[in-house]
$ cat entry-v2.txt   # compact mmCIF, N, CA and C atoms and all ligand atoms
# COMPACT_ATOMS: atom_id res chain seq x y z
N MET A 138 -15.80 24.90 111.48
CA MET A 138 -15.95 26.28 110.98
C MET A 138 -17.43 26.69 111.05
N LYS A 139 -17.73 27.78 111.79
CA LYS A 139 -19.10 28.29 111.83
C LYS A 139 -19.29 29.33 110.72
N THR A 140 -20.52 29.42 110.24
CA THR A 140 -20.81 30.37 109.15
C THR A 140 -21.81 31.42 109.61
N ILE A 141 -21.53 32.67 109.24
CA ILE A 141 -22.52 33.75 109.40
C ILE A 141 -23.03 34.11 108.01
N LEU A 142 -24.33 34.03 107.85
CA LEU A 142 -24.94 34.40 106.57
C LEU A 142 -25.18 35.91 106.57
N VAL A 143 -24.59 36.59 105.59
CA VAL A 143 -24.78 38.05 105.44
C VAL A 143 -25.68 38.25 104.22
N LEU A 144 -26.92 38.62 104.48
CA LEU A 144 -27.94 38.66 103.43
C LEU A 144 -28.31 40.10 103.09
N ASN A 145 -28.33 40.40 101.83
CA ASN A 145 -28.77 41.72 101.37
C ASN A 145 -29.94 41.59 100.42
N GLY A 146 -30.91 42.47 100.60
CA GLY A 146 -32.14 42.42 99.81
C GLY A 146 -32.10 43.33 98.59
N PRO A 147 -33.27 43.69 98.09
CA PRO A 147 -33.42 44.33 96.79
C PRO A 147 -32.68 45.65 96.65
N ASN A 148 -32.14 45.81 95.47
CA ASN A 148 -31.44 47.03 95.04
C ASN A 148 -30.05 47.18 95.65
N LEU A 149 -29.72 46.33 96.60
CA LEU A 149 -28.40 46.46 97.23
C LEU A 149 -27.28 45.92 96.34
N ASN A 150 -27.65 45.22 95.25
CA ASN A 150 -26.64 44.88 94.23
C ASN A 150 -26.06 46.15 93.59
N LEU A 151 -26.81 47.24 93.69
CA LEU A 151 -26.35 48.51 93.11
C LEU A 151 -25.56 49.36 94.10
N LEU A 152 -25.27 48.78 95.27
CA LEU A 152 -24.52 49.53 96.28
C LEU A 152 -23.22 50.06 95.68
N GLY A 153 -22.94 51.33 95.95
CA GLY A 153 -21.74 51.97 95.37
C GLY A 153 -22.09 52.81 94.14
N LYS A 154 -23.20 52.42 93.47
CA LYS A 154 -23.64 53.17 92.28
C LYS A 154 -24.94 53.90 92.56
N ARG A 155 -25.76 53.31 93.45
CA ARG A 155 -27.11 53.81 93.71
C ARG A 155 -27.07 54.90 94.78
N GLN A 156 -27.59 56.06 94.50
CA GLN A 156 -27.72 57.16 95.48
C GLN A 156 -26.53 57.19 96.45
N PRO A 157 -25.30 57.40 95.95
CA PRO A 157 -24.13 57.36 96.83
C PRO A 157 -24.18 58.38 97.95
N GLU A 158 -24.96 59.46 97.76
CA GLU A 158 -25.08 60.46 98.82
C GLU A 158 -25.81 59.87 100.04
N ILE A 159 -26.59 58.80 99.82
CA ILE A 159 -27.28 58.13 100.94
C ILE A 159 -26.53 56.86 101.35
N TYR A 160 -26.10 56.08 100.36
CA TYR A 160 -25.59 54.74 100.67
C TYR A 160 -24.06 54.61 100.56
N GLY A 161 -23.38 55.69 100.14
CA GLY A 161 -21.92 55.65 100.08
C GLY A 161 -21.40 55.04 98.79
N SER A 162 -20.08 54.94 98.69
CA SER A 162 -19.47 54.51 97.43
C SER A 162 -18.89 53.09 97.49
N ASP A 163 -18.94 52.45 98.65
CA ASP A 163 -18.48 51.06 98.74
C ASP A 163 -19.52 50.13 98.12
N ASN A 164 -19.05 49.00 97.59
CA ASN A 164 -19.99 48.05 96.98
C ASN A 164 -20.12 46.78 97.85
N LEU A 165 -20.92 45.85 97.36
CA LEU A 165 -21.18 44.64 98.18
C LEU A 165 -19.95 43.77 98.36
N GLU A 166 -19.02 43.81 97.40
CA GLU A 166 -17.76 43.08 97.60
C GLU A 166 -16.99 43.67 98.76
N ASP A 167 -17.02 45.00 98.88
CA ASP A 167 -16.36 45.66 100.01
C ASP A 167 -17.02 45.23 101.32
N VAL A 168 -18.35 45.12 101.30
CA VAL A 168 -19.08 44.70 102.50
C VAL A 168 -18.66 43.29 102.91
N ALA A 169 -18.60 42.38 101.92
CA ALA A 169 -18.22 40.99 102.23
C ALA A 169 -16.80 40.93 102.79
N ALA A 170 -15.88 41.69 102.18
CA ALA A 170 -14.49 41.67 102.65
C ALA A 170 -14.40 42.24 104.06
N LEU A 171 -15.13 43.31 104.32
CA LEU A 171 -15.14 43.91 105.67
C LEU A 171 -15.67 42.90 106.69
N CYS A 172 -16.77 42.25 106.35
CA CYS A 172 -17.38 41.28 107.28
C CYS A 172 -16.39 40.15 107.58
N GLN A 173 -15.74 39.64 106.53
CA GLN A 173 -14.79 38.55 106.75
C GLN A 173 -13.62 39.02 107.62
N SER A 174 -13.20 40.28 107.42
CA SER A 174 -12.02 40.78 108.14
C SER A 174 -12.27 40.92 109.64
N VAL A 175 -13.52 41.08 110.06
CA VAL A 175 -13.78 41.25 111.50
C VAL A 175 -14.21 39.95 112.17
N CYS A 176 -14.31 38.87 111.39
CA CYS A 176 -14.70 37.57 111.96
C CYS A 176 -13.61 37.00 112.84
N ASN A 177 -14.00 36.37 113.89
CA ASN A 177 -13.02 35.63 114.69
C ASN A 177 -12.54 34.41 113.91
N ALA A 178 -11.36 33.88 114.32
CA ALA A 178 -10.85 32.64 113.70
C ALA A 178 -11.90 31.56 113.89
N GLY A 179 -12.07 30.73 112.88
CA GLY A 179 -13.06 29.66 113.00
C GLY A 179 -14.46 30.07 112.58
N VAL A 180 -14.60 31.33 112.13
CA VAL A 180 -15.91 31.79 111.64
C VAL A 180 -15.72 32.31 110.22
N GLY A 181 -16.63 31.94 109.33
CA GLY A 181 -16.59 32.39 107.94
C GLY A 181 -17.89 33.06 107.56
N ILE A 182 -17.81 33.84 106.49
CA ILE A 182 -18.97 34.58 106.00
C ILE A 182 -19.50 33.92 104.73
N ARG A 183 -20.80 33.81 104.62
CA ARG A 183 -21.41 33.54 103.31
C ARG A 183 -22.25 34.77 102.97
N ALA A 184 -21.90 35.47 101.91
CA ALA A 184 -22.58 36.71 101.54
C ALA A 184 -23.48 36.46 100.33
N GLU A 185 -24.75 36.85 100.44
CA GLU A 185 -25.71 36.67 99.35
C GLU A 185 -26.55 37.93 99.20
N GLN A 186 -26.98 38.17 97.96
CA GLN A 186 -27.90 39.29 97.69
C GLN A 186 -28.93 38.83 96.68
N SER A 187 -30.18 39.23 96.90
CA SER A 187 -31.19 38.96 95.89
C SER A 187 -32.21 40.09 95.87
N ASN A 188 -32.77 40.28 94.68
CA ASN A 188 -33.88 41.24 94.52
C ASN A 188 -35.23 40.55 94.71
N HIS A 189 -35.21 39.23 95.02
CA HIS A 189 -36.43 38.43 95.05
C HIS A 189 -36.70 37.92 96.46
N GLU A 190 -37.89 38.22 96.95
CA GLU A 190 -38.26 37.86 98.33
C GLU A 190 -38.15 36.36 98.58
N GLY A 191 -38.65 35.56 97.62
CA GLY A 191 -38.65 34.10 97.80
C GLY A 191 -37.24 33.54 97.92
N GLN A 192 -36.31 34.11 97.14
CA GLN A 192 -34.91 33.65 97.22
C GLN A 192 -34.32 33.95 98.60
N ILE A 193 -34.63 35.11 99.12
CA ILE A 193 -34.13 35.48 100.45
C ILE A 193 -34.69 34.51 101.49
N ILE A 194 -35.97 34.19 101.36
CA ILE A 194 -36.62 33.25 102.29
C ILE A 194 -35.96 31.87 102.17
N ASP A 195 -35.69 31.42 100.94
CA ASP A 195 -35.02 30.12 100.76
C ASP A 195 -33.66 30.09 101.44
N TRP A 196 -32.89 31.17 101.32
CA TRP A 196 -31.57 31.21 101.97
C TRP A 196 -31.71 31.18 103.50
N ILE A 197 -32.73 31.85 104.01
CA ILE A 197 -32.94 31.83 105.48
C ILE A 197 -33.30 30.40 105.92
N HIS A 198 -34.11 29.71 105.11
CA HIS A 198 -34.43 28.31 105.45
C HIS A 198 -33.17 27.45 105.45
N GLU A 199 -32.34 27.61 104.41
CA GLU A 199 -31.08 26.85 104.34
C GLU A 199 -30.21 27.12 105.55
N ALA A 200 -30.25 28.37 106.03
CA ALA A 200 -29.40 28.76 107.17
C ALA A 200 -29.74 27.97 108.42
N ARG A 201 -30.97 27.44 108.51
CA ARG A 201 -31.35 26.61 109.68
C ARG A 201 -30.35 25.47 109.87
N GLU A 202 -29.83 24.96 108.73
CA GLU A 202 -28.89 23.83 108.79
C GLU A 202 -27.43 24.27 108.68
N SER A 203 -27.20 25.45 108.08
CA SER A 203 -25.81 25.74 107.68
C SER A 203 -25.20 26.98 108.31
N ALA A 204 -25.98 27.80 109.02
CA ALA A 204 -25.40 29.04 109.56
C ALA A 204 -25.66 29.16 111.06
N ALA A 205 -24.70 29.79 111.74
CA ALA A 205 -24.84 29.99 113.19
C ALA A 205 -25.56 31.30 113.50
N GLY A 206 -25.55 32.24 112.57
CA GLY A 206 -26.21 33.53 112.77
C GLY A 206 -26.45 34.21 111.44
N ILE A 207 -27.31 35.21 111.46
CA ILE A 207 -27.65 35.93 110.22
C ILE A 207 -27.52 37.44 110.45
N VAL A 208 -26.81 38.09 109.52
CA VAL A 208 -26.83 39.56 109.42
C VAL A 208 -27.66 39.86 108.19
N ILE A 209 -28.71 40.65 108.35
CA ILE A 209 -29.60 40.90 107.21
C ILE A 209 -29.91 42.38 107.03
N ASN A 210 -29.70 42.85 105.79
CA ASN A 210 -30.24 44.13 105.37
C ASN A 210 -31.31 43.80 104.34
N PRO A 211 -32.56 43.78 104.77
CA PRO A 211 -33.62 43.35 103.85
C PRO A 211 -34.02 44.41 102.84
N GLY A 212 -33.33 45.57 102.81
CA GLY A 212 -33.72 46.64 101.89
C GLY A 212 -35.18 47.02 102.15
N ALA A 213 -35.90 47.30 101.07
CA ALA A 213 -37.29 47.74 101.22
C ALA A 213 -38.20 46.65 101.77
N PHE A 214 -37.79 45.36 101.68
CA PHE A 214 -38.61 44.28 102.28
C PHE A 214 -38.69 44.42 103.79
N THR A 215 -37.75 45.16 104.38
CA THR A 215 -37.81 45.47 105.82
C THR A 215 -39.19 45.95 106.22
N HIS A 216 -39.72 46.84 105.35
CA HIS A 216 -40.92 47.59 105.71
C HIS A 216 -42.21 46.91 105.24
N THR A 217 -42.06 45.79 104.53
CA THR A 217 -43.25 45.17 103.91
C THR A 217 -43.41 43.68 104.19
N SER A 218 -42.31 42.98 104.56
CA SER A 218 -42.35 41.52 104.42
C SER A 218 -42.59 40.75 105.71
N VAL A 219 -43.84 40.35 105.90
CA VAL A 219 -44.17 39.43 106.99
C VAL A 219 -43.54 38.07 106.69
N ALA A 220 -43.41 37.72 105.39
CA ALA A 220 -42.85 36.41 105.02
C ALA A 220 -41.38 36.29 105.43
N ILE A 221 -40.61 37.35 105.30
CA ILE A 221 -39.21 37.30 105.75
C ILE A 221 -39.17 37.23 107.28
N LEU A 222 -40.04 37.96 107.95
CA LEU A 222 -40.13 37.84 109.42
C LEU A 222 -40.43 36.39 109.82
N ASP A 223 -41.40 35.77 109.15
CA ASP A 223 -41.76 34.39 109.49
C ASP A 223 -40.58 33.45 109.27
N ALA A 224 -39.85 33.64 108.18
CA ALA A 224 -38.68 32.79 107.91
C ALA A 224 -37.63 32.98 109.00
N LEU A 225 -37.39 34.22 109.39
CA LEU A 225 -36.39 34.48 110.45
C LEU A 225 -36.85 33.89 111.78
N ASN A 226 -38.15 33.88 112.01
CA ASN A 226 -38.68 33.27 113.24
C ASN A 226 -38.46 31.76 113.27
N ALA A 227 -38.26 31.17 112.09
CA ALA A 227 -38.00 29.73 112.02
C ALA A 227 -36.51 29.42 112.10
N PHE A 228 -35.68 30.45 112.24
CA PHE A 228 -34.23 30.29 112.38
C PHE A 228 -33.88 30.45 113.85
N GLU A 229 -33.04 29.56 114.37
CA GLU A 229 -32.84 29.57 115.82
C GLU A 229 -31.68 30.43 116.32
N GLY A 230 -30.74 30.77 115.45
CA GLY A 230 -29.57 31.54 115.89
C GLY A 230 -29.85 33.03 115.95
N PRO A 231 -28.83 33.80 116.35
CA PRO A 231 -29.00 35.25 116.43
C PRO A 231 -29.14 35.92 115.07
N VAL A 232 -29.94 36.98 115.06
CA VAL A 232 -30.18 37.76 113.84
C VAL A 232 -29.92 39.24 114.17
N ILE A 233 -29.13 39.90 113.35
CA ILE A 233 -28.94 41.34 113.49
C ILE A 233 -29.37 42.01 112.19
N GLU A 234 -30.20 43.03 112.33
CA GLU A 234 -30.72 43.80 111.18
C GLU A 234 -29.83 45.03 110.97
N VAL A 235 -29.44 45.25 109.73
CA VAL A 235 -28.56 46.38 109.41
C VAL A 235 -29.21 47.25 108.33
N HIS A 236 -29.12 48.55 108.53
CA HIS A 236 -29.45 49.51 107.48
C HIS A 236 -28.29 50.47 107.33
N ILE A 237 -27.87 50.66 106.10
CA ILE A 237 -26.73 51.54 105.83
C ILE A 237 -27.09 52.99 106.19
N SER A 238 -28.29 53.38 105.80
CA SER A 238 -28.75 54.75 106.10
C SER A 238 -29.50 54.76 107.42
N ASN A 239 -29.68 55.96 107.96
CA ASN A 239 -30.51 56.10 109.17
C ASN A 239 -31.97 56.20 108.73
N VAL A 240 -32.63 55.05 108.73
CA VAL A 240 -34.00 54.99 108.22
C VAL A 240 -34.95 55.90 109.02
N HIS A 241 -34.59 56.19 110.25
CA HIS A 241 -35.47 57.01 111.11
C HIS A 241 -35.41 58.50 110.76
N LYS A 242 -34.41 58.86 109.97
CA LYS A 242 -34.26 60.25 109.53
C LYS A 242 -34.91 60.44 108.16
N ARG A 243 -35.47 59.36 107.62
CA ARG A 243 -35.99 59.40 106.25
C ARG A 243 -37.52 59.33 106.25
N GLU A 244 -38.11 58.98 105.12
CA GLU A 244 -39.57 58.96 105.00
C GLU A 244 -40.20 58.07 106.08
N SER A 245 -41.42 58.43 106.49
CA SER A 245 -42.05 57.71 107.61
C SER A 245 -42.30 56.24 107.27
N PHE A 246 -42.49 55.89 105.96
CA PHE A 246 -42.71 54.47 105.64
C PHE A 246 -41.48 53.62 105.93
N ARG A 247 -40.31 54.26 106.12
CA ARG A 247 -39.10 53.48 106.45
C ARG A 247 -38.93 53.31 107.97
N HIS A 248 -39.83 53.87 108.75
CA HIS A 248 -39.65 53.84 110.21
C HIS A 248 -40.11 52.52 110.82
N HIS A 249 -40.97 51.81 110.11
CA HIS A 249 -41.43 50.52 110.66
C HIS A 249 -40.68 49.37 110.00
N SER A 250 -40.27 48.42 110.85
CA SER A 250 -39.59 47.22 110.35
C SER A 250 -40.24 45.97 110.92
N TYR A 251 -40.68 45.07 110.04
CA TYR A 251 -41.17 43.76 110.50
C TYR A 251 -40.01 42.95 111.09
N VAL A 252 -38.84 43.06 110.47
CA VAL A 252 -37.68 42.25 110.87
C VAL A 252 -37.22 42.59 112.29
N SER A 253 -37.43 43.85 112.70
CA SER A 253 -37.02 44.25 114.06
C SER A 253 -37.76 43.46 115.14
N LEU A 254 -38.92 42.93 114.81
CA LEU A 254 -39.66 42.11 115.79
C LEU A 254 -38.90 40.84 116.14
N ARG A 255 -37.95 40.43 115.26
CA ARG A 255 -37.18 39.21 115.46
C ARG A 255 -35.72 39.47 115.84
N ALA A 256 -35.18 40.58 115.39
CA ALA A 256 -33.73 40.79 115.49
C ALA A 256 -33.28 41.00 116.93
N GLU A 257 -32.12 40.42 117.25
CA GLU A 257 -31.49 40.69 118.56
C GLU A 257 -31.01 42.13 118.62
N GLY A 258 -30.59 42.67 117.49
CA GLY A 258 -30.13 44.05 117.43
C GLY A 258 -30.44 44.67 116.09
N VAL A 259 -30.52 46.01 116.09
CA VAL A 259 -30.80 46.76 114.86
C VAL A 259 -29.78 47.89 114.77
N ILE A 260 -29.13 47.99 113.61
CA ILE A 260 -28.12 49.02 113.40
C ILE A 260 -28.54 49.84 112.18
N ALA A 261 -28.58 51.15 112.34
CA ALA A 261 -28.96 52.01 111.21
C ALA A 261 -28.10 53.25 111.20
N GLY A 262 -27.65 53.63 110.00
CA GLY A 262 -27.01 54.92 109.83
C GLY A 262 -25.51 54.93 110.01
N LEU A 263 -24.89 53.75 110.18
CA LEU A 263 -23.43 53.69 110.33
C LEU A 263 -22.72 53.41 109.01
N GLY A 264 -23.46 53.50 107.88
CA GLY A 264 -22.85 53.11 106.61
C GLY A 264 -22.49 51.63 106.65
N ILE A 265 -21.51 51.22 105.87
CA ILE A 265 -21.20 49.77 105.83
C ILE A 265 -20.53 49.30 107.12
N GLU A 266 -20.07 50.23 107.96
CA GLU A 266 -19.54 49.83 109.28
C GLU A 266 -20.58 49.08 110.09
N GLY A 267 -21.85 49.33 109.80
CA GLY A 267 -22.92 48.63 110.52
C GLY A 267 -22.83 47.12 110.34
N TYR A 268 -22.41 46.68 109.15
CA TYR A 268 -22.27 45.23 108.92
C TYR A 268 -21.15 44.66 109.79
N ALA A 269 -20.05 45.43 109.92
CA ALA A 269 -18.92 44.96 110.74
C ALA A 269 -19.36 44.83 112.19
N ALA A 270 -20.08 45.84 112.68
CA ALA A 270 -20.56 45.79 114.07
C ALA A 270 -21.48 44.59 114.27
N ALA A 271 -22.32 44.33 113.28
CA ALA A 271 -23.26 43.22 113.38
C ALA A 271 -22.53 41.87 113.41
N VAL A 272 -21.52 41.72 112.57
CA VAL A 272 -20.75 40.47 112.54
C VAL A 272 -20.03 40.26 113.87
N ARG A 273 -19.43 41.35 114.41
CA ARG A 273 -18.74 41.22 115.71
C ARG A 273 -19.72 40.77 116.79
N ARG A 274 -20.91 41.34 116.77
CA ARG A 274 -21.92 40.99 117.78
C ARG A 274 -22.36 39.53 117.62
N ILE A 275 -22.55 39.10 116.38
CA ILE A 275 -22.94 37.69 116.17
C ILE A 275 -21.83 36.78 116.67
N CYS A 276 -20.58 37.14 116.40
CA CYS A 276 -19.46 36.31 116.89
C CYS A 276 -19.52 36.18 118.42
N GLN A 277 -19.82 37.28 119.11
CA GLN A 277 -19.98 37.22 120.57
C GLN A 277 -21.13 36.29 120.94
N LEU A 278 -22.26 36.47 120.27
CA LEU A 278 -23.47 35.72 120.65
C LEU A 278 -23.33 34.23 120.38
N ILE A 279 -22.53 33.86 119.35
CA ILE A 279 -22.36 32.43 119.07
C ILE A 279 -21.17 31.86 119.82
N GLY A 280 -20.54 32.74 120.62
CA GLY A 280 -19.47 32.24 121.49
C GLY A 280 -18.15 32.02 120.81
N ASP A 281 -17.88 32.81 119.72
CA ASP A 281 -16.58 32.68 119.03
C ASP A 281 -15.85 33.99 118.99
C1 LIG B 301 -31.92 50.30 103.52
C2 LIG B 301 -33.06 51.25 103.90
C3 LIG B 301 -34.35 50.83 103.22
O1 LIG B 301 -35.41 51.69 103.59
C4 LIG B 301 -34.18 50.89 101.71
O2 LIG B 301 -35.37 50.44 101.07
C5 LIG B 301 -33.00 50.14 101.24
C6 LIG B 301 -31.75 50.19 102.01
C7 LIG B 301 -30.56 50.77 104.09
O3 LIG B 301 -29.64 49.98 104.05
O4 LIG B 301 -30.43 51.92 104.53
O5 LIG B 301 -33.01 49.54 100.16
O6 LIG B 301 -32.19 49.02 104.06
$ encode --input "entry-v2.txt" --output "C-alpha cells"
Amino acid sequence: MKTILVLNGPNLNLLGKRQPEIYGSDNLEDVAALCQSVCNAGVGIRAEQSNHEGQIIDWIHEARESAAGIVINPGAFTHTSVAILDALNAFEGPVIEVHISNVHKRESFRHHSYVSLRAEGVIAGLGIEGYAAAVRRICQLIGD
C-alpha cells in the first residue's frame, strides 16, 4: 500500500467556517474523504493539518520514509517559508501544491510561493476539487 501525504497548513483547520465566501463550506474531513475517494486501489491517504511550521516540516521529513508523494496546501507559509521549501527539497517523491482560492486574483503578497520552486504542479482556485486533481496526478506520477 502506497501513501500520499495530504498536508494542510495554518488556519485550514477552520476550513468550512473561515471566510466561506473565499474558501467554501466544506471542511477538512470532506477534503480527506474526497482525496481518498479518487485514489487508485493500493493507494491510501494520510491527512494532516497544523498551524505550526515545525510540525509541518517534521511530517515532511517523516514522509521521506513513509509516503510516495505529497499534496500540500501550506496556507500562508506558502508565501513566507524557505524552511518548508527546504524540507520538500529533501523529499524525493512528487509534490503538488494546492490553493483553494485563486491566489493570483488576491493581494500581491499571495502571488509569490516558495513551495512552487519545488512542486511538480500548482493548482489554485478550484476550491477543494484542487486536492482531488492533485491526488489523481500524484497517482499517475507514482505509477498507480
Ligand atoms: C490558501 C491561500 C493562502 O494565501 C492563504 O494564506 C491560506 C489559504 C488557499 O488555500 O487558497 O491560508 O493557501
$ atom_distance --input "entry-v2.txt" --atom1 "atom C of Lys139 of chain A" --atom2 "atom CA of Phe214 of chain A"
25.8 Å
$ atom_distance --input "entry-v2.txt" --atom1 "atom N of Val240 of chain A" --atom2 "atom N of Tyr268 of chain A"
13.2 Å
$ axis_aligned_box --input "entry-v2.txt" --around "ligand LIG 301 (chain B)" --padding-each-side "4 Å" --output "lines of an AutoDock Vina configuration file"
center_x = -32.5
center_y = 50.5
center_z = 102.3
size_x = 13.8
size_y = 10.9
size_z = 12.4
$ closest_residue --input "entry-v2.txt" --among "A:Asn239, A:Ser253, A:Ser187, A:Thr217" --to "ligand LIG 301 (chain B)" --atoms "all atoms listed in the file"
A:Asn239
$ closest_residue --input "entry-v2.txt" --among "A:Gln192, A:Asn145, A:Ser218, A:Asn210" --to "ligand LIG 301 (chain B)" --atoms "only C-alpha atoms and all ligand atoms"
A:Asn210
$ residues_near_ligand --input "entry-v2.txt" --ligand "ligand LIG 301 (chain B)" --cutoff "8 Å" --atoms "all atoms listed in the file" --output "short mmCIF file (atom, residue, chain, number, x, y, z; two decimals) with N, CA and C atoms, in the coordinates of the input"
data_model
loop_
_atom_site.label_atom_id
_atom_site.label_comp_id
_atom_site.auth_asym_id
_atom_site.auth_seq_id
_atom_site.Cartn_x
_atom_site.Cartn_y
_atom_site.Cartn_z
N GLY A 146 -30.91 42.47 100.60
CA GLY A 146 -32.14 42.42 99.81
C GLY A 146 -32.10 43.33 98.59
N PRO A 147 -33.27 43.69 98.09
CA PRO A 147 -33.42 44.33 96.79
C PRO A 147 -32.68 45.65 96.65
N ASN A 148 -32.14 45.81 95.47
CA ASN A 148 -31.44 47.03 95.04
C ASN A 148 -30.05 47.18 95.65
N LEU A 149 -29.72 46.33 96.60
CA LEU A 149 -28.40 46.46 97.23
C LEU A 149 -27.28 45.92 96.34
N ILE A 159 -26.59 58.80 99.82
CA ILE A 159 -27.28 58.13 100.94
C ILE A 159 -26.53 56.86 101.35
N TYR A 160 -26.10 56.08 100.36
CA TYR A 160 -25.59 54.74 100.67
C TYR A 160 -24.06 54.61 100.56
N ILE A 209 -28.71 40.65 108.35
CA ILE A 209 -29.60 40.90 107.21
C ILE A 209 -29.91 42.38 107.03
N ASN A 210 -29.70 42.85 105.79
CA ASN A 210 -30.24 44.13 105.37
C ASN A 210 -31.31 43.80 104.34
N PRO A 211 -32.56 43.78 104.77
CA PRO A 211 -33.62 43.35 103.85
C PRO A 211 -34.02 44.41 102.84
N GLY A 212 -33.33 45.57 102.81
CA GLY A 212 -33.72 46.64 101.89
C GLY A 212 -35.18 47.02 102.15
N ALA A 213 -35.90 47.30 101.07
CA ALA A 213 -37.29 47.74 101.22
C ALA A 213 -38.20 46.65 101.77
N PHE A 214 -37.79 45.36 101.68
CA PHE A 214 -38.61 44.28 102.28
C PHE A 214 -38.69 44.42 103.79
N THR A 215 -37.75 45.16 104.38
CA THR A 215 -37.81 45.47 105.82
C THR A 215 -39.19 45.95 106.22
N HIS A 216 -39.72 46.84 105.35
CA HIS A 216 -40.92 47.59 105.71
C HIS A 216 -42.21 46.91 105.24
N VAL A 235 -29.44 45.25 109.73
CA VAL A 235 -28.56 46.38 109.41
C VAL A 235 -29.21 47.25 108.33
N HIS A 236 -29.12 48.55 108.53
CA HIS A 236 -29.45 49.51 107.48
C HIS A 236 -28.29 50.47 107.33
N ILE A 237 -27.87 50.66 106.10
CA ILE A 237 -26.73 51.54 105.83
C ILE A 237 -27.09 52.99 106.19
N SER A 238 -28.29 53.38 105.80
CA SER A 238 -28.75 54.75 106.10
C SER A 238 -29.50 54.76 107.42
N ASN A 239 -29.68 55.96 107.96
CA ASN A 239 -30.51 56.10 109.17
C ASN A 239 -31.97 56.20 108.73
N VAL A 240 -32.63 55.05 108.73
CA VAL A 240 -34.00 54.99 108.22
C VAL A 240 -34.95 55.90 109.02
N GLU A 244 -38.11 58.98 105.12
CA GLU A 244 -39.57 58.96 105.00
C GLU A 244 -40.20 58.07 106.08
N PHE A 246 -42.49 55.89 105.96
CA PHE A 246 -42.71 54.47 105.64
C PHE A 246 -41.48 53.62 105.93
N ARG A 247 -40.31 54.26 106.12
CA ARG A 247 -39.10 53.48 106.45
C ARG A 247 -38.93 53.31 107.97
N HIS A 248 -39.83 53.87 108.75
CA HIS A 248 -39.65 53.84 110.21
C HIS A 248 -40.11 52.52 110.82
N ALA A 261 -28.58 51.15 112.34
CA ALA A 261 -28.96 52.01 111.21
C ALA A 261 -28.10 53.25 111.20
N GLY A 262 -27.65 53.63 110.00
CA GLY A 262 -27.01 54.92 109.83
C GLY A 262 -25.51 54.93 110.01
N GLY A 264 -23.46 53.50 107.88
CA GLY A 264 -22.85 53.11 106.61
C GLY A 264 -22.49 51.63 106.65
#
$ residues_around --input "entry-v2.txt" --residues "Val175 of chain A" --least-positions-apart "6" --cutoff "8 Å" --atoms "only C-alpha atoms" --output "list in words"
Ala269, Val272 and Arg273 of chain A
$ write_last_selection --input "entry-v2.txt" --atoms "N, CA and C atoms" --output "CSV table (one decimal), in the coordinates of the input"
chain,number,residue,atom,x,y,z
A,269,ALA,N,-20.0,45.4,109.9
A,269,ALA,CA,-18.9,45.0,110.7
A,269,ALA,C,-19.4,44.8,112.2
A,272,VAL,N,-21.5,41.7,112.6
A,272,VAL,CA,-20.8,40.5,112.5
A,272,VAL,C,-20.0,40.3,113.9
A,273,ARG,N,-19.4,41.4,114.4
A,273,ARG,CA,-18.7,41.2,115.7
A,273,ARG,C,-19.7,40.8,116.8
$ select_by_dssp --input "entry-v2.txt" --residues "segment 149-209 of chain A" --states "strand (DSSP E)" --output "ChimeraX atom specification"
/A:180-186,206-209
$ atom_distance --input "entry-v2.txt" --atom1 "atom CA of Lys242 of chain A" --atom2 "atom N of Val219 of chain A"
22.4 Å
$ closest_residue --input "entry-v2.txt" --among "A:Ala169, A:Leu278, A:Leu225, A:Ile194" --to "Ile182 of chain A" --atoms "all atoms listed in the file"
A:Ala169
$ closest_residue --input "entry-v2.txt" --among "A:Ile193, A:Ala256, A:Val168, A:Leu263" --to "Glu234 of chain A" --atoms "only N, CA and C atoms"
A:Ala256
$ select_by_dssp --input "entry-v2.txt" --residues "chain A" --states "alpha helix (DSSP H)" --output "number ranges by chain"
A: 157-160, 165-175, 190-203, 219-226, 266-278
$ closest_residue --input "entry-v2.txt" --among "A:Glu257, A:Asn150, A:Arg274, A:Ala220" --to "Asn188 of chain A" --atoms "only C-alpha atoms"
A:Asn150
$ residues_around --input "entry-v2.txt" --residues "Pro231 of chain A" --least-positions-apart "5" --cutoff "6.5 Å" --atoms "only N, CA and C atoms" --output "list in words"
Ala205, Gly206, Ile207, Val208 and Glu257 of chain A
$ closest_residue --input "entry-v2.txt" --among "A:Cys276, A:Met138, A:Ile197, A:Val143" --to "Ala184 of chain A" --atoms "only N, CA and C atoms"
A:Val143
$ residues_near_point --input "entry-v2.txt" --point "(-29.6, 30.2, 108.0)" --cutoff "9 Å" --atoms "only C-alpha atoms" --output "PyMOL selection string"
chain A and resi 140-142+196-207+225+228-230
